[in-house]
Amino acid sequence: MALDQSFVGRTYPPTEPYEVGREKIREFAEAVGDTNAVYTDPEAAKALGYSDVIAPPTFVFSITFRAAGQVVEDPQLGLDYSRVVHGDQKFAYRRPVRAGDRLTVTSTIEAIKSLAGNDVIDIRGDVHDEAGELVVSALTKLVARAADAAEGEA
Amino acid sequence: MTSKIAYEDVEVGTELPAQTFPVTRATLVRYAGASGDFNPIHWNERFAREVGLPDVIAHGMFTMAEAIRVVTDWTGDPGAVVDYGVRFTKPVVVPNDDKGALIEVSGKVAAKLDDNTVRVDLTAMSAGQKVLGMSRAVVRLG
């Protein structure tokens with residue numbers, strides 16, 4: 001069943017702040033095998049002009065995707081999450097996420113389409129810092145495969 | 001921001017140093033923990049097969065995290081990335097052995113843009129298949 005187009009443009013309330021910790025950044029950098037010192041050494045970060053260690057570019061997805069749960073699990077929207085795959089992901093950065101940031105995410109449904117029986121939904125997560133400044137916007141395209149479609153996507 | 005690559009020194013077509021990233025089941029377990037994505041298709045073979053996958057597959061976001069390293073290792077400053085986007089076209093299948101899979105990433109400058117930025121087009125391959133499409137980053141150079 002196609003998703004209700006009237007949800008396009010709907011914005012969900014901002015999430016509670018997520019506090020970015022140095023050790024969480026380190027854990028993430030180690031998990032992707034990235035040894036750039038700017039992720040783990042505050043002095044190396046300062047040498048590049050940052051007040052504290054910064055996070056790898058895709059780190060923020062963990063925060064925006066959790067926030068997108070508000071949309072994905074909205075019973076009124078009725079997305080069948082068991083059939084959802086991640087189609088596209090984009091980030092537009094104003095500045096890197098850094099340790100000490102307290103980030104809130106505001107999720108907006110940008111688009112809803114139906115393609116070959118699949119529901120395609122674009123969710124934008126705008127990430128703001130404690131001062132209310134935009135840090136990064138994450139655009140997540142989710143595809144809910146038609147119930148009878150061949151399975152096996154990323 | 002301090003990129004070690006100067007805008008003047010690159011041209012359209014300039015190739016970035018390519019890299020190969022290994023990924024095993026242990027890598028995926030570690031990434032699941034660090035990212036909070038515990039979807040069983042990334043660690044449970046039985047579950048992966050039940051939903052029609054050939055085997056356990058890597059997190060798309062893991063592949064995305066590796067691909068941008070070709071850019072951030074080139075410039076030295078990950079904070080210089082202005083835009084980054086990918087399409088997840090094929091899964092990276094990770095067998096349950098000591099070798100796992102390889103993700104091979106190459107990139108080249110596709111356009112010189114305003115404000116000392118360039119667009120880099122990335123190619124990510126695994127087992128001979130393109131695993132990311134429309135994989136592009138805009139990065140500010142020195």
# chains A, B, ... in the order shown; residues from 1 in each chain; ligands from 1

$ interface_residues --of "chain B" --to "chain A" --cutoff "6 Å" --atoms "only C-alpha atoms" --output "list in words"
Met1, Thr2, Arg30, Tyr31, Ala34, Ser35, Gly52, Leu53, Ala65, Gly79, Val82, Asp83, Tyr84, Gly85, Val86, Arg87, Phe88, Lys90 and Pro91 of chain B

$ closest_residue --among "B:Val93, B:Val81, B:Val118, B:Ile103" --to "Thr20 of chain B" --atoms "only C-alpha atoms"
B:Ile103

$ residues_around --residues "Ala68 of chain A" --least-positions-apart "3" --cutoff "8 Å" --atoms "only C-alpha atoms" --output "PDB file with N, CA and C atoms, in the first residue's frame"
ATOM      1  N   THR A  64      21.543  10.616  13.574  1.00  0.00           N
ATOM      2  CA  THR A  64      20.408  11.003  12.714  1.00  0.00           C
ATOM      3  C   THR A  64      19.499   9.808  12.432  1.00  0.00           C
ATOM      4  N   PHE A  65      20.097   8.613  12.358  1.00  0.00           N
ATOM      5  CA  PHE A  65      19.252   7.455  12.057  1.00  0.00           C
ATOM      6  C   PHE A  65      18.358   7.114  13.241  1.00  0.00           C
ATOM      7  N   VAL A  71      10.161   8.829  12.475  1.00  0.00           N
ATOM      8  CA  VAL A  71       9.427   8.768  11.210  1.00  0.00           C
ATOM      9  C   VAL A  71       9.110   7.313  10.872  1.00  0.00           C
ATOM     10  N   VAL A  72      10.184   6.505  10.921  1.00  0.00           N
ATOM     11  CA  VAL A  72      10.063   5.108  10.521  1.00  0.00           C
ATOM     12  C   VAL A  72       9.007   4.379  11.352  1.00  0.00           C
ATOM     13  N   SER A 107      13.934  15.895  12.312  1.00  0.00           N
ATOM     14  CA  SER A 107      13.705  15.083  11.117  1.00  0.00           C
ATOM     15  C   SER A 107      12.504  15.600  10.340  1.00  0.00           C
ATOM     16  N   ILE A 123      14.247  11.209   4.118  1.00  0.00           N
ATOM     17  CA  ILE A 123      14.162  11.852   5.431  1.00  0.00           C
ATOM     18  C   ILE A 123      15.388  12.741   5.611  1.00  0.00           C
ATOM     19  N   GLY A 125      17.602  14.903   8.203  1.00  0.00           N
ATOM     20  CA  GLY A 125      17.859  15.152   9.616  1.00  0.00           C
ATOM     21  C   GLY A 125      18.763  16.355   9.748  1.00  0.00           C
TER      22      GLY A 125
END

$ residues_around --residues "segment 66-71 of chain B" --least-positions-apart "6" --cutoff "8 Å" --atoms "only C-alpha atoms" --output "mmCIF file with N, CA and C atoms, in the first residue's frame"
data_model
loop_
_atom_site.group_PDB
_atom_site.id
_atom_site.type_symbol
_atom_site.label_atom_id
_atom_site.label_comp_id
_atom_site.auth_asym_id
_atom_site.auth_seq_id
_atom_site.Cartn_x
_atom_site.Cartn_y
_atom_site.Cartn_z
ATOM 1 N N VAL A 32 36.269 1.667 12.214
ATOM 2 C CA VAL A 32 36.429 1.777 10.762
ATOM 3 C C VAL A 32 37.912 1.744 10.372
ATOM 4 N N ASP A 34 40.366 3.755 11.089
ATOM 5 C CA ASP A 34 40.957 5.034 10.675
ATOM 6 C C ASP A 34 41.854 5.587 11.777
ATOM 7 N N PRO A 57 33.551 11.625 9.168
ATOM 8 C CA PRO A 57 32.404 12.229 8.486
ATOM 9 C C PRO A 57 31.063 11.489 8.666
ATOM 10 N N LEU B 16 43.353 10.252 -6.830
ATOM 11 C CA LEU B 16 43.721 10.150 -5.428
ATOM 12 C C LEU B 16 44.346 8.776 -5.195
ATOM 13 N N PRO B 17 45.236 8.643 -4.217
ATOM 14 C CA PRO B 17 45.790 7.318 -3.936
ATOM 15 C C PRO B 17 44.673 6.323 -3.580
ATOM 16 N N ALA B 18 44.620 5.225 -4.336
ATOM 17 C CA ALA B 18 43.590 4.211 -4.098
ATOM 18 C C ALA B 18 43.936 3.415 -2.839
ATOM 19 N N GLN B 19 42.920 2.858 -2.212
ATOM 20 C CA GLN B 19 43.158 2.043 -1.013
ATOM 21 C C GLN B 19 42.250 0.824 -1.029
ATOM 22 N N PHE B 21 40.386 -1.861 1.619
ATOM 23 C CA PHE B 21 40.012 -2.022 3.029
ATOM 24 C C PHE B 21 39.475 -3.429 3.261
ATOM 25 N N VAL B 105 38.756 1.022 -3.121
ATOM 26 C CA VAL B 105 38.223 2.367 -3.362
ATOM 27 C C VAL B 105 39.242 3.206 -4.129
ATOM 28 N N SER B 106 38.770 3.815 -5.206
ATOM 29 C CA SER B 106 39.610 4.769 -5.926
ATOM 30 C C SER B 106 38.808 6.048 -6.103
ATOM 31 N N GLY B 107 39.520 7.128 -6.382
ATOM 32 C CA GLY B 107 38.822 8.412 -6.538
ATOM 33 C C GLY B 107 39.592 9.321 -7.457
ATOM 34 N N VAL B 120 35.161 15.164 -5.813
ATOM 35 C CA VAL B 120 35.870 13.904 -6.034
ATOM 36 C C VAL B 120 34.820 12.822 -6.277
ATOM 37 N N LEU B 122 34.132 8.888 -6.374
ATOM 38 C CA LEU B 122 34.725 7.688 -5.792
ATOM 39 C C LEU B 122 34.145 6.444 -6.448
ATOM 40 N N ALA B 124 33.837 2.329 -5.529
ATOM 41 C CA ALA B 124 34.060 1.307 -4.498
ATOM 42 C C ALA B 124 33.631 -0.044 -5.054
ATOM 43 N N ALA B 137 32.145 13.283 -3.246
ATOM 44 C CA ALA B 137 32.431 14.152 -2.107
ATOM 45 C C ALA B 137 32.896 15.500 -2.620
ATOM 46 N N VAL B 139 35.192 18.601 -1.288
ATOM 47 C CA VAL B 139 36.160 18.814 -0.221
ATOM 48 C C VAL B 139 36.890 20.129 -0.472
#

$ atom_distance --atom1 "atom CA of Pro78 of chain B" --atom2 "atom CA of Thr108 of chain A"
26.9 Å

$ atom_distance --atom1 "atom CA of Asp101 of chain A" --atom2 "atom CA of Leu141 of chain B"
25.0 Å

$ select_by_dssp --residues "segment 15-101 of chain B" --states "strand (DSSP E or B)" --output "ChimeraX atom specification"
/B:15-23,57,81-88,93,101
